[in-house]
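One structure is given here, and the rest of the page talks about it.
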Amino acid sequence: MEANPRSTGRLPAAFLTPGSSSFLDFLSAHSPDLLPGRRKLPEGIVEAPHGTTIVAATFPGGVVLAGDRRATMGNMIAQRDIEKVFPADEYSAVGIAGTAGLAVEMVKLFQLELEHFEKVEGATLSLEGKANRLSTMIRGNLGMAMQGLAVVPLFAGWDEGKEKGRIFSYDVTGGRSEEHGFAATGSGSIFARGSMKKLYRDDLTEQQATTLVVQALYDAADDDSATGGPDMARRIFPIVTVITDEGFRRLTEAESSELARSVTERRLEQPDGPRAALL
């Protein structure tokens, strides 16, 4: 009689010889119940914290991805210091908007997906390949999205082949679009996008690009109650990350606080923010 792998403490052979470079496919075949989109929901209305606004902007040396820190549940503030921007790997990052718990799980699974591919294939996926893998994961969550638990991330990274920063946005079905210059997602995205539309230029420096995204988040918080602005009293500031040919870097608390303070002080003199040239 063949020994039960569980009773012997050994993993089944299939776990030791994965037949696919996709960790998502492997999990779907062996433990589909672990996938976020396969969970069974309780009956009735499901209330869960939601992350709000994520913004991104490219500059000649890379791309900036940033997010506010507020999570809401209905008309209540569920959390003031949630983290919504995560490294996907060394040269890319994901910003999450939508149902916070599912979004964080999806990001962790995406990180494993990229790591698994690299270990199996001995090479990293192209940035476009990474964007496609994330699209597949979002599509797998469509059932949850139809019940109000949507996850709509923003993906950005450094494309080593094209030697530039790139941004990808998604809809709830997993539809993927490449954004040029700047992008935003989440409840405050319409205000953030309008802000960046007037201030963005192709020749921004890294410092100007990080300032731009903080200005956009400030404008989003000014008009969208679900988006949190810089909280000076609690020392809660936006998470700002930069991805260049040197890899992913998150601004330190000192850097992000100085950036937020600079923007806030200027708003004391000009509440509506910097003006774009009329002509």
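By convention in this document, the chains of the structure tokens carry letters A, B, ... by their order, each chain's residues are numbered from 1, and ligands are numbered from 1 in the order they are shown.
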Would you mind listing, for every residue of segment 38-115 of chain A within 12 Å of segment 215-218 of chain A, the two atoms forming the shortest contact and the distance between them in Å to one decimal, using only C-alpha atoms, sorted by chain and ascending residue number, as CSV?
```
residue,atom,partner,partner_atom,distance
A:Thr52,CA,A:Leu217,CA,10.5
A:Thr53,CA,A:Leu217,CA,7.4
A:Ile54,CA,A:Leu217,CA,8.0
A:Val55,CA,A:Leu217,CA,7.4
A:Ala56,CA,A:Ala216,CA,9.6
A:Ala57,CA,A:Ala216,CA,10.4
A:Leu65,CA,A:Leu217,CA,11.3
A:Ala66,CA,A:Leu217,CA,8.4
A:Gly67,CA,A:Leu217,CA,7.4
A:Asp68,CA,A:Leu217,CA,6.6
A:Arg69,CA,A:Leu217,CA,10.2
A:Arg70,CA,A:Leu217,CA,11.4
```
Residues of the last selection are to be written out with N, CA and C atoms, as a short mmCIF file (atom, residue, chain, number, x, y, z; two decimals), in the first residue's frame.
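Listed below is the output, selection-v5.cif:
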```
data_model
loop_
_atom_site.label_atom_id
_atom_site.label_comp_id
_atom_site.auth_asym_id
_atom_site.auth_seq_id
_atom_site.Cartn_x
_atom_site.Cartn_y
_atom_site.Cartn_z
N THR A 52 -8.17 53.46 -1.13
CA THR A 52 -8.71 54.47 -2.06
C THR A 52 -7.73 54.86 -3.16
N THR A 53 -7.00 55.94 -3.05
CA THR A 53 -6.37 56.54 -4.22
C THR A 53 -4.90 56.18 -4.41
N ILE A 54 -4.57 55.73 -5.63
CA ILE A 54 -3.20 55.42 -6.05
C ILE A 54 -2.88 56.26 -7.29
N VAL A 55 -1.68 56.83 -7.34
CA VAL A 55 -1.27 57.64 -8.48
C VAL A 55 0.12 57.22 -8.95
N ALA A 56 0.42 57.48 -10.22
CA ALA A 56 1.73 57.17 -10.77
C ALA A 56 2.08 58.18 -11.84
N ALA A 57 3.38 58.41 -12.02
CA ALA A 57 3.85 59.32 -13.06
C ALA A 57 5.23 58.90 -13.51
N LEU A 65 5.36 55.75 -8.06
CA LEU A 65 4.07 55.18 -7.68
C LEU A 65 3.80 55.55 -6.23
N ALA A 66 2.63 56.11 -5.96
CA ALA A 66 2.35 56.59 -4.60
C ALA A 66 0.89 56.35 -4.23
N GLY A 67 0.62 56.36 -2.94
CA GLY A 67 -0.75 56.15 -2.46
C GLY A 67 -0.99 56.86 -1.15
N ASP A 68 -2.25 57.24 -0.92
CA ASP A 68 -2.61 57.83 0.37
C ASP A 68 -2.69 56.71 1.40
N ARG A 69 -3.05 57.05 2.65
CA ARG A 69 -2.97 56.06 3.72
C ARG A 69 -4.33 55.70 4.33
N ARG A 70 -5.41 56.20 3.77
CA ARG A 70 -6.73 55.99 4.38
C ARG A 70 -7.44 54.77 3.80
#
```
| query | Near Ser126 of chain A, counting only C-alpha atoms, which residues have an atom at most 12 Å away, once you skip same-chain residues fewer than 2 positions from it, shown as an NGL selection string? | reply | :A and (89 or 91-92 or 114 or 117-118 or 123-124 or 128-133 or 157-163 or 166)
Quick one: write out the picked residues with N, CA and C atoms as a compact mmCIF listing (two decimals), in the first residue's frame?
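Done, and the output landed in again_4.txt:
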```
# COMPACT_ATOMS: atom_id res chain seq x y z
N ASP A 89 8.63 43.10 -7.36
CA ASP A 89 9.96 42.50 -7.38
C ASP A 89 10.96 43.65 -7.40
N TYR A 91 12.22 45.42 -9.74
CA TYR A 91 12.04 46.50 -10.71
C TYR A 91 10.57 46.84 -10.98
N SER A 92 9.67 46.48 -10.09
CA SER A 92 8.27 46.82 -10.31
C SER A 92 7.53 46.92 -8.98
N LEU A 114 5.91 35.91 -9.36
CA LEU A 114 7.11 36.39 -10.03
C LEU A 114 8.36 35.67 -9.52
N PHE A 117 8.37 32.06 -10.97
CA PHE A 117 8.77 32.05 -12.38
C PHE A 117 10.29 32.17 -12.50
N GLU A 118 10.87 33.07 -11.73
CA GLU A 118 12.31 33.29 -11.80
C GLU A 118 13.09 32.05 -11.37
N ALA A 123 15.18 33.04 -15.12
CA ALA A 123 15.18 34.38 -15.70
C ALA A 123 13.95 35.12 -15.20
N THR A 124 13.99 36.44 -15.26
CA THR A 124 12.84 37.22 -14.82
C THR A 124 11.89 37.48 -15.99
N GLU A 128 6.18 43.62 -19.39
CA GLU A 128 4.88 43.34 -20.03
C GLU A 128 4.34 41.99 -19.57
N GLY A 129 5.23 41.00 -19.41
CA GLY A 129 4.82 39.69 -18.93
C GLY A 129 4.28 39.77 -17.51
N LYS A 130 4.91 40.57 -16.68
CA LYS A 130 4.43 40.76 -15.31
C LYS A 130 3.05 41.39 -15.32
N ALA A 131 2.86 42.40 -16.17
CA ALA A 131 1.56 43.07 -16.28
C ALA A 131 0.49 42.08 -16.71
N ASN A 132 0.84 41.17 -17.61
CA ASN A 132 -0.14 40.17 -18.08
C ASN A 132 -0.49 39.18 -16.97
N ARG A 133 0.49 38.78 -16.17
CA ARG A 133 0.23 37.85 -15.06
C ARG A 133 -0.72 38.49 -14.05
N GLY A 157 6.65 49.96 -13.32
CA GLY A 157 7.99 49.39 -13.20
C GLY A 157 8.94 49.92 -14.24
N TRP A 158 10.18 49.50 -14.12
CA TRP A 158 11.23 49.87 -15.07
C TRP A 158 11.35 48.77 -16.11
N ASP A 159 11.20 49.15 -17.38
CA ASP A 159 11.33 48.20 -18.47
C ASP A 159 12.79 48.19 -18.93
N GLU A 160 13.48 47.10 -18.61
CA GLU A 160 14.91 47.03 -18.93
C GLU A 160 15.15 46.99 -20.43
N GLY A 161 14.22 46.40 -21.19
CA GLY A 161 14.37 46.33 -22.65
C GLY A 161 14.20 47.68 -23.31
N LYS A 162 13.16 48.42 -22.88
CA LYS A 162 12.88 49.73 -23.48
C LYS A 162 13.57 50.87 -22.73
N GLU A 163 14.18 50.54 -21.60
CA GLU A 163 14.92 51.52 -20.79
C GLU A 163 14.07 52.74 -20.43
N ARG A 166 7.24 52.46 -17.02
CA ARG A 166 5.94 52.25 -17.66
C ARG A 166 4.87 52.03 -16.59
```
| request: Compile the contact shell of segment 246-256 of chain A as number ranges by chain: residues with an atom at most 12 Å away, counting only C-alpha atoms, same-chain residues fewer than 2 positions apart removed. | output: A: 61-68, 83, 85-94, 156-160, 163-165, 206-207, 210-211, 213-214, 230-232, 235-244, 258-263
Output N, CA and C atoms of each residue in that selection to a file, as a short mmCIF file (atom, residue, chain, number, x, y, z; two decimals), in the first residue's frame.
```cif
data_model
loop_
_atom_site.label_atom_id
_atom_site.label_comp_id
_atom_site.auth_asym_id
_atom_site.auth_seq_id
_atom_site.Cartn_x
_atom_site.Cartn_y
_atom_site.Cartn_z
N GLY A 61 13.92 59.17 -16.14
CA GLY A 61 14.75 58.14 -15.54
C GLY A 61 14.01 57.01 -14.87
N GLY A 62 12.67 57.02 -14.93
CA GLY A 62 11.93 55.96 -14.25
C GLY A 62 10.47 56.30 -14.05
N VAL A 63 9.91 55.80 -12.95
CA VAL A 63 8.48 55.99 -12.67
C VAL A 63 8.27 56.10 -11.16
N VAL A 64 7.29 56.90 -10.78
CA VAL A 64 6.93 57.09 -9.37
C VAL A 64 5.54 56.51 -9.14
N LEU A 65 5.36 55.75 -8.06
CA LEU A 65 4.07 55.18 -7.68
C LEU A 65 3.80 55.55 -6.23
N ALA A 66 2.63 56.11 -5.96
CA ALA A 66 2.35 56.59 -4.60
C ALA A 66 0.89 56.35 -4.23
N GLY A 67 0.62 56.36 -2.94
CA GLY A 67 -0.75 56.15 -2.46
C GLY A 67 -0.99 56.86 -1.15
N ASP A 68 -2.25 57.24 -0.92
CA ASP A 68 -2.61 57.83 0.37
C ASP A 68 -2.69 56.71 1.40
N GLU A 83 -1.09 50.66 4.33
CA GLU A 83 -0.09 50.71 3.27
C GLU A 83 -0.69 50.12 2.00
N VAL A 85 1.02 50.55 -1.29
CA VAL A 85 2.01 50.43 -2.36
C VAL A 85 3.07 49.42 -1.92
N PHE A 86 3.30 48.40 -2.76
CA PHE A 86 4.21 47.31 -2.41
C PHE A 86 5.15 47.00 -3.58
N PRO A 87 6.38 46.59 -3.28
CA PRO A 87 7.24 46.11 -4.36
C PRO A 87 6.72 44.78 -4.88
N ALA A 88 6.66 44.61 -6.21
CA ALA A 88 6.30 43.30 -6.78
C ALA A 88 7.57 42.46 -6.91
N ASP A 89 8.63 43.10 -7.36
CA ASP A 89 9.96 42.50 -7.38
C ASP A 89 10.96 43.65 -7.40
N GLU A 90 12.17 43.39 -7.83
CA GLU A 90 13.22 44.41 -7.75
C GLU A 90 12.95 45.63 -8.63
N TYR A 91 12.22 45.42 -9.74
CA TYR A 91 12.04 46.50 -10.71
C TYR A 91 10.57 46.84 -10.98
N SER A 92 9.67 46.48 -10.09
CA SER A 92 8.27 46.82 -10.31
C SER A 92 7.53 46.92 -8.98
N ALA A 93 6.36 47.56 -9.01
CA ALA A 93 5.58 47.77 -7.80
C ALA A 93 4.10 47.78 -8.13
N VAL A 94 3.29 47.52 -7.10
CA VAL A 94 1.83 47.50 -7.25
C VAL A 94 1.21 48.44 -6.21
N ALA A 156 3.37 49.47 -11.95
CA ALA A 156 4.39 50.31 -12.58
C ALA A 156 5.75 49.66 -12.41
N GLY A 157 6.65 49.96 -13.32
CA GLY A 157 7.99 49.39 -13.20
C GLY A 157 8.94 49.92 -14.24
N TRP A 158 10.18 49.50 -14.12
CA TRP A 158 11.23 49.87 -15.07
C TRP A 158 11.35 48.77 -16.11
N ASP A 159 11.20 49.15 -17.38
CA ASP A 159 11.33 48.20 -18.47
C ASP A 159 12.79 48.19 -18.93
N GLU A 160 13.48 47.10 -18.61
CA GLU A 160 14.91 47.03 -18.93
C GLU A 160 15.15 46.99 -20.43
N GLU A 163 14.18 50.54 -21.60
CA GLU A 163 14.92 51.52 -20.79
C GLU A 163 14.07 52.74 -20.43
N LYS A 164 12.91 52.47 -19.86
CA LYS A 164 12.05 53.55 -19.41
C LYS A 164 11.04 53.02 -18.40
N GLY A 165 10.44 53.93 -17.63
CA GLY A 165 9.39 53.55 -16.71
C GLY A 165 8.06 53.44 -17.43
N GLU A 206 13.25 63.55 -11.08
CA GLU A 206 12.70 62.64 -10.09
C GLU A 206 12.05 63.40 -8.95
N GLN A 207 12.69 64.48 -8.48
CA GLN A 207 12.12 65.27 -7.38
C GLN A 207 10.80 65.92 -7.79
N THR A 210 8.04 63.20 -7.84
CA THR A 210 7.54 62.84 -6.51
C THR A 210 6.68 63.96 -5.93
N THR A 211 7.06 65.20 -6.21
CA THR A 211 6.23 66.33 -5.76
C THR A 211 4.88 66.32 -6.47
N VAL A 213 3.11 63.76 -7.63
CA VAL A 213 2.16 62.76 -7.14
C VAL A 213 1.61 63.14 -5.76
N VAL A 214 2.42 63.79 -4.94
CA VAL A 214 1.92 64.25 -3.63
C VAL A 214 0.92 65.39 -3.82
N PRO A 230 -2.11 64.42 3.92
CA PRO A 230 -1.05 64.33 4.92
C PRO A 230 -1.60 64.66 6.31
N ASP A 231 -1.32 63.80 7.29
CA ASP A 231 -1.80 63.98 8.66
C ASP A 231 -0.61 64.42 9.52
N MET A 232 -0.45 65.73 9.68
CA MET A 232 0.71 66.27 10.40
C MET A 232 0.67 65.91 11.88
N ARG A 235 1.58 62.28 12.13
CA ARG A 235 2.76 61.98 11.32
C ARG A 235 2.50 60.80 10.37
N ILE A 236 1.39 60.90 9.65
CA ILE A 236 1.04 59.90 8.64
C ILE A 236 1.10 60.59 7.28
N PHE A 237 1.99 60.11 6.43
CA PHE A 237 2.24 60.74 5.15
C PHE A 237 2.07 59.73 4.02
N PRO A 238 1.84 60.20 2.80
CA PRO A 238 1.69 59.28 1.67
C PRO A 238 2.92 58.38 1.51
N ILE A 239 2.68 57.18 1.01
CA ILE A 239 3.79 56.29 0.64
C ILE A 239 4.19 56.63 -0.79
N VAL A 240 5.45 56.96 -0.97
CA VAL A 240 5.95 57.34 -2.30
C VAL A 240 7.11 56.41 -2.64
N THR A 241 7.04 55.78 -3.82
CA THR A 241 8.10 54.87 -4.25
C THR A 241 8.62 55.31 -5.62
N VAL A 242 9.88 55.03 -5.86
CA VAL A 242 10.52 55.37 -7.12
C VAL A 242 11.17 54.11 -7.69
N ILE A 243 10.97 53.86 -8.98
CA ILE A 243 11.57 52.70 -9.64
C ILE A 243 12.38 53.19 -10.83
N THR A 244 13.68 52.89 -10.82
CA THR A 244 14.59 53.29 -11.89
C THR A 244 15.40 52.08 -12.33
N GLU A 258 9.05 65.40 4.67
CA GLU A 258 9.54 66.68 4.18
C GLU A 258 8.80 67.09 2.92
N LEU A 259 8.54 66.13 2.04
CA LEU A 259 7.80 66.39 0.81
C LEU A 259 6.38 66.83 1.12
N ALA A 260 5.72 66.12 2.03
CA ALA A 260 4.34 66.46 2.41
C ALA A 260 4.27 67.82 3.09
N ARG A 261 5.24 68.10 3.95
CA ARG A 261 5.26 69.40 4.64
C ARG A 261 5.46 70.55 3.65
N SER A 262 6.33 70.32 2.67
CA SER A 262 6.58 71.35 1.67
C SER A 262 5.31 71.67 0.88
N VAL A 263 4.58 70.61 0.46
CA VAL A 263 3.34 70.81 -0.29
C VAL A 263 2.30 71.49 0.59
#
```
| message | Would you pick out the contacts of Pro271 of chain A at 10 Å or less, using only C-alpha atoms, so that residues sharing its chain but fewer than 4 positions from it are not included, and give the list as a list in words? | response |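 Contacts, with the query itself left out: Asp219, Asp222, Thr264, Glu265, Arg266 and Arg267 of chain A.
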| task | Write out as a ChimeraX atom specification the residues lying within 9 Å of Asp203 of chain A, counting only C-alpha atoms and excluding same-chain residues fewer than 3 positions away. | result | /A:59-60,200
Could you take the residues named above and write them with N, CA and C atoms, as a PDB file, in the first residue's frame?
```pdb
ATOM      1  N   PHE A  59       8.959  59.718 -15.439  1.00  0.00           N
ATOM      2  CA  PHE A  59       9.915  60.789 -15.714  1.00  0.00           C
ATOM      3  C   PHE A  59      11.041  60.154 -16.524  1.00  0.00           C
ATOM      4  N   PRO A  60      11.915  60.921 -17.149  1.00  0.00           N
ATOM      5  CA  PRO A  60      12.911  60.345 -18.053  1.00  0.00           C
ATOM      6  C   PRO A  60      13.773  59.238 -17.460  1.00  0.00           C
ATOM      7  N   TYR A 200       1.636  67.859 -15.288  1.00  0.00           N
ATOM      8  CA  TYR A 200       2.619  66.903 -15.806  1.00  0.00           C
ATOM      9  C   TYR A 200       3.351  67.444 -17.028  1.00  0.00           C
TER      10      TYR A 200
END
```
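Here the residues within segment 102-193 of chain A that DSSP labels strand (DSSP E or B) on the basis of the backbone are Val151, Leu154, Phe155, Ala156, Gly157, Trp158, Asp159, Lys164, Gly165, Arg166, Ile167, Phe168, Ser169, Tyr170, Arg176, Ser177, Glu178, Glu179, Phe182, Ala183, Ala184 and Thr185 of chain A.
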| query | Which of segment 96-275 of chain A counts as helix (DSSP H, G or I) under DSSP, as a VMD selection string please? | reply | chain A and resid 100 to 121 127 to 140 142 to 145 189 to 199 206 to 223 253 to 269
Could you pull the residues within 9 Å of segment 177-186 of chain A, counting only C-alpha atoms, minus those fewer than 4 positions along the same chain, as a short mmCIF file (atom, residue, chain, number, x, y, z; two decimals) with all heavy atoms, in the first residue's frame?
```
data_model
loop_
_atom_site.label_atom_id
_atom_site.label_comp_id
_atom_site.auth_asym_id
_atom_site.auth_seq_id
_atom_site.Cartn_x
_atom_site.Cartn_y
_atom_site.Cartn_z
N GLY A 51 -9.33 50.36 0.22
CA GLY A 51 -8.26 51.31 -0.05
C GLY A 51 -8.74 52.27 -1.12
O GLY A 51 -9.60 51.93 -1.93
N THR A 52 -8.17 53.46 -1.13
CA THR A 52 -8.71 54.47 -2.06
C THR A 52 -7.73 54.86 -3.16
O THR A 52 -7.60 54.12 -4.14
CB THR A 52 -9.21 55.70 -1.29
OG1 THR A 52 -8.21 56.09 -0.33
CG2 THR A 52 -10.47 55.37 -0.53
N THR A 53 -7.00 55.94 -3.05
CA THR A 53 -6.37 56.54 -4.22
C THR A 53 -4.90 56.18 -4.41
O THR A 53 -4.09 56.32 -3.50
CB THR A 53 -6.51 58.07 -4.16
OG1 THR A 53 -7.89 58.39 -3.92
CG2 THR A 53 -6.10 58.71 -5.46
N ILE A 54 -4.57 55.73 -5.63
CA ILE A 54 -3.20 55.42 -6.05
C ILE A 54 -2.88 56.26 -7.29
O ILE A 54 -3.71 56.38 -8.19
CB ILE A 54 -3.05 53.93 -6.40
CG1 ILE A 54 -3.46 53.05 -5.21
CG2 ILE A 54 -1.61 53.62 -6.82
CD1 ILE A 54 -2.57 53.18 -4.00
N VAL A 55 -1.68 56.83 -7.34
CA VAL A 55 -1.27 57.64 -8.48
C VAL A 55 0.12 57.22 -8.95
O VAL A 55 0.91 56.67 -8.18
CB VAL A 55 -1.26 59.15 -8.14
CG1 VAL A 55 -2.66 59.64 -7.82
CG2 VAL A 55 -0.33 59.44 -6.96
N ALA A 56 0.42 57.48 -10.22
CA ALA A 56 1.73 57.17 -10.77
C ALA A 56 2.08 58.18 -11.84
O ALA A 56 1.20 58.76 -12.49
CB ALA A 56 1.74 55.75 -11.37
N ALA A 57 3.38 58.41 -12.02
CA ALA A 57 3.85 59.32 -13.06
C ALA A 57 5.23 58.90 -13.51
O ALA A 57 6.06 58.49 -12.69
CB ALA A 57 3.88 60.76 -12.54
N THR A 58 5.48 58.99 -14.81
CA THR A 58 6.80 58.65 -15.34
C THR A 58 7.65 59.91 -15.45
O THR A 58 7.14 61.03 -15.54
CB THR A 58 6.69 58.01 -16.73
OG1 THR A 58 6.01 58.91 -17.62
CG2 THR A 58 5.93 56.70 -16.67
N PHE A 59 8.96 59.72 -15.44
CA PHE A 59 9.91 60.79 -15.71
C PHE A 59 11.04 60.15 -16.52
O PHE A 59 11.11 58.92 -16.62
CB PHE A 59 10.40 61.44 -14.42
CG PHE A 59 11.14 60.52 -13.49
CD1 PHE A 59 12.52 60.47 -13.47
CD2 PHE A 59 10.44 59.71 -12.59
CE1 PHE A 59 13.21 59.62 -12.61
CE2 PHE A 59 11.11 58.85 -11.73
CZ PHE A 59 12.51 58.81 -11.74
N GLY A 95 0.27 49.25 -6.66
CA GLY A 95 -0.52 50.07 -5.75
C GLY A 95 -1.95 49.54 -5.77
O GLY A 95 -2.51 49.29 -6.84
N ILE A 96 -2.54 49.34 -4.59
CA ILE A 96 -3.85 48.68 -4.52
C ILE A 96 -4.97 49.66 -4.21
O ILE A 96 -4.84 50.54 -3.36
CB ILE A 96 -3.85 47.55 -3.47
CG1 ILE A 96 -3.45 48.08 -2.08
CG2 ILE A 96 -2.91 46.44 -3.90
CD1 ILE A 96 -3.65 47.10 -0.96
N ALA A 97 -6.08 49.50 -4.92
CA ALA A 97 -7.32 50.19 -4.62
C ALA A 97 -8.42 49.15 -4.65
O ALA A 97 -8.36 48.17 -5.40
CB ALA A 97 -7.60 51.29 -5.65
N GLY A 98 -9.42 49.33 -3.81
CA GLY A 98 -10.49 48.33 -3.72
C GLY A 98 -10.48 47.66 -2.37
O GLY A 98 -9.99 48.21 -1.38
N VAL A 152 -8.70 46.74 -7.85
CA VAL A 152 -8.28 47.41 -9.07
C VAL A 152 -6.93 48.08 -8.82
O VAL A 152 -6.88 49.23 -8.38
CB VAL A 152 -9.33 48.46 -9.53
CG1 VAL A 152 -8.97 48.99 -10.91
CG2 VAL A 152 -10.73 47.87 -9.54
N PRO A 153 -5.84 47.38 -9.10
CA PRO A 153 -4.52 47.94 -8.81
C PRO A 153 -3.96 48.81 -9.93
O PRO A 153 -4.53 48.90 -11.03
CB PRO A 153 -3.66 46.68 -8.64
CG PRO A 153 -4.29 45.70 -9.57
CD PRO A 153 -5.76 46.01 -9.59
N LEU A 154 -2.86 49.44 -9.62
CA LEU A 154 -2.04 50.17 -10.60
C LEU A 154 -0.66 49.52 -10.54
O LEU A 154 -0.12 49.33 -9.45
CB LEU A 154 -1.98 51.65 -10.22
CG LEU A 154 -1.74 52.69 -11.32
CD1 LEU A 154 -2.80 52.60 -12.41
CD2 LEU A 154 -1.74 54.09 -10.72
N ARG A 166 7.24 52.46 -17.02
CA ARG A 166 5.94 52.25 -17.66
C ARG A 166 4.87 52.03 -16.59
O ARG A 166 5.16 51.55 -15.49
CB ARG A 166 5.99 51.04 -18.60
CG ARG A 166 6.98 51.20 -19.74
CD ARG A 166 7.13 49.92 -20.55
NE ARG A 166 5.93 49.62 -21.33
CZ ARG A 166 5.77 48.49 -22.02
NH1 ARG A 166 6.73 47.55 -22.00
NH2 ARG A 166 4.67 48.28 -22.71
N ILE A 167 3.62 52.38 -16.94
CA ILE A 167 2.48 52.27 -16.02
C ILE A 167 1.37 51.48 -16.69
O ILE A 167 1.06 51.70 -17.87
CB ILE A 167 1.94 53.67 -15.64
CG1 ILE A 167 3.06 54.56 -15.09
CG2 ILE A 167 0.80 53.55 -14.63
CD1 ILE A 167 2.64 56.03 -14.99
N PHE A 168 0.76 50.56 -15.92
CA PHE A 168 -0.37 49.78 -16.43
C PHE A 168 -1.55 49.90 -15.47
O PHE A 168 -1.38 49.76 -14.26
CB PHE A 168 0.00 48.30 -16.58
CG PHE A 168 1.11 48.06 -17.58
CD1 PHE A 168 2.44 48.05 -17.17
CD2 PHE A 168 0.82 47.85 -18.92
CE1 PHE A 168 3.46 47.83 -18.07
CE2 PHE A 168 1.84 47.63 -19.84
CZ PHE A 168 3.16 47.62 -19.41
N SER A 169 -2.73 50.16 -16.03
CA SER A 169 -3.95 50.22 -15.23
C SER A 169 -4.86 49.05 -15.63
O SER A 169 -4.69 48.46 -16.69
CB SER A 169 -4.68 51.56 -15.43
OG SER A 169 -5.10 51.68 -16.79
N TYR A 170 -5.85 48.76 -14.76
CA TYR A 170 -6.71 47.59 -14.96
C TYR A 170 -8.16 47.94 -14.64
O TYR A 170 -8.44 48.87 -13.88
CB TYR A 170 -6.27 46.43 -14.06
CG TYR A 170 -4.85 45.98 -14.30
CD1 TYR A 170 -3.78 46.61 -13.67
CD2 TYR A 170 -4.57 44.92 -15.16
CE1 TYR A 170 -2.47 46.22 -13.91
CE2 TYR A 170 -3.27 44.51 -15.40
CZ TYR A 170 -2.23 45.16 -14.77
OH TYR A 170 -0.93 44.77 -15.00
N ASP A 171 -9.08 47.15 -15.21
CA ASP A 171 -10.47 47.22 -14.77
C ASP A 171 -10.79 45.94 -14.00
O ASP A 171 -9.93 45.06 -13.87
CB ASP A 171 -11.44 47.44 -15.95
CG ASP A 171 -11.38 46.33 -17.00
OD1 ASP A 171 -11.15 45.16 -16.61
OD2 ASP A 171 -11.57 46.61 -18.19
N ILE A 190 -10.33 60.56 -10.11
CA ILE A 190 -10.76 61.58 -11.06
C ILE A 190 -10.16 62.94 -10.71
O ILE A 190 -9.76 63.71 -11.58
CB ILE A 190 -12.31 61.65 -11.12
CG1 ILE A 190 -12.75 62.61 -12.23
CG2 ILE A 190 -12.90 62.07 -9.78
CD1 ILE A 190 -14.24 62.58 -12.49
N ALA A 192 -7.33 63.36 -8.77
CA ALA A 192 -5.88 63.22 -8.89
C ALA A 192 -5.45 63.31 -10.35
O ALA A 192 -4.45 63.96 -10.67
CB ALA A 192 -5.42 61.90 -8.28
N ARG A 193 -6.21 62.67 -11.23
CA ARG A 193 -5.88 62.70 -12.65
C ARG A 193 -6.01 64.11 -13.21
O ARG A 193 -5.18 64.56 -14.02
CB ARG A 193 -6.78 61.74 -13.42
CG ARG A 193 -6.32 61.48 -14.84
CD ARG A 193 -7.22 60.50 -15.57
NE ARG A 193 -7.19 59.18 -14.97
CZ ARG A 193 -8.19 58.61 -14.33
NH1 ARG A 193 -9.34 59.28 -14.20
NH2 ARG A 193 -8.09 57.41 -13.82
N MET A 196 -2.91 66.07 -12.12
CA MET A 196 -1.69 65.72 -12.87
C MET A 196 -1.78 66.17 -14.33
O MET A 196 -0.76 66.51 -14.94
CB MET A 196 -1.45 64.22 -12.78
CG MET A 196 -1.04 63.76 -11.38
SD MET A 196 -0.50 62.03 -11.31
CE MET A 196 -2.07 61.19 -11.53
N LYS A 197 -2.99 66.17 -14.86
CA LYS A 197 -3.18 66.57 -16.26
C LYS A 197 -2.69 67.99 -16.50
O LYS A 197 -2.15 68.31 -17.56
CB LYS A 197 -4.67 66.46 -16.62
CG LYS A 197 -5.01 66.80 -18.06
CD LYS A 197 -6.49 66.61 -18.31
CE LYS A 197 -6.86 66.92 -19.76
NZ LYS A 197 -8.32 66.73 -20.01
N TYR A 200 1.64 67.86 -15.29
CA TYR A 200 2.62 66.90 -15.81
C TYR A 200 3.35 67.44 -17.03
O TYR A 200 2.77 68.10 -17.89
CB TYR A 200 1.94 65.58 -16.18
CG TYR A 200 2.91 64.57 -16.74
CD1 TYR A 200 3.73 63.82 -15.90
CD2 TYR A 200 3.03 64.40 -18.12
CE1 TYR A 200 4.65 62.92 -16.42
CE2 TYR A 200 3.94 63.48 -18.64
CZ TYR A 200 4.75 62.76 -17.78
OH TYR A 200 5.66 61.87 -18.29
N ARG A 201 4.66 67.14 -17.09
CA ARG A 201 5.50 67.43 -18.26
C ARG A 201 6.37 66.22 -18.55
O ARG A 201 6.65 65.42 -17.66
CB ARG A 201 6.40 68.65 -18.04
CG ARG A 201 5.69 69.94 -17.66
CD ARG A 201 6.65 71.12 -17.78
NE ARG A 201 7.96 70.83 -17.20
CZ ARG A 201 8.30 71.09 -15.93
NH1 ARG A 201 7.40 71.63 -15.11
NH2 ARG A 201 9.52 70.81 -15.49
N ASP A 202 6.84 66.10 -19.78
CA ASP A 202 7.68 64.96 -20.16
C ASP A 202 9.08 65.03 -19.59
O ASP A 202 9.78 64.03 -19.53
CB ASP A 202 7.78 64.86 -21.69
CG ASP A 202 6.47 64.46 -22.33
OD1 ASP A 202 5.67 63.77 -21.67
OD2 ASP A 202 6.23 64.83 -23.50
N THR A 227 -10.29 59.72 0.50
CA THR A 227 -8.85 59.84 0.34
C THR A 227 -8.28 60.67 1.49
O THR A 227 -8.79 61.74 1.80
CB THR A 227 -8.50 60.51 -1.01
OG1 THR A 227 -9.09 59.77 -2.07
CG2 THR A 227 -6.99 60.57 -1.21
#
```
| task | Work out how far apart atom CA of Gly175 of chain A and atom CA of Met144 of chain A are and give it in Å to one decimal. | result | 15.9 Å
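One distance worth recording is that between atom CA of Gly228 of chain A and atom CA of Ile82 of chain A, which is 10.4 Å.
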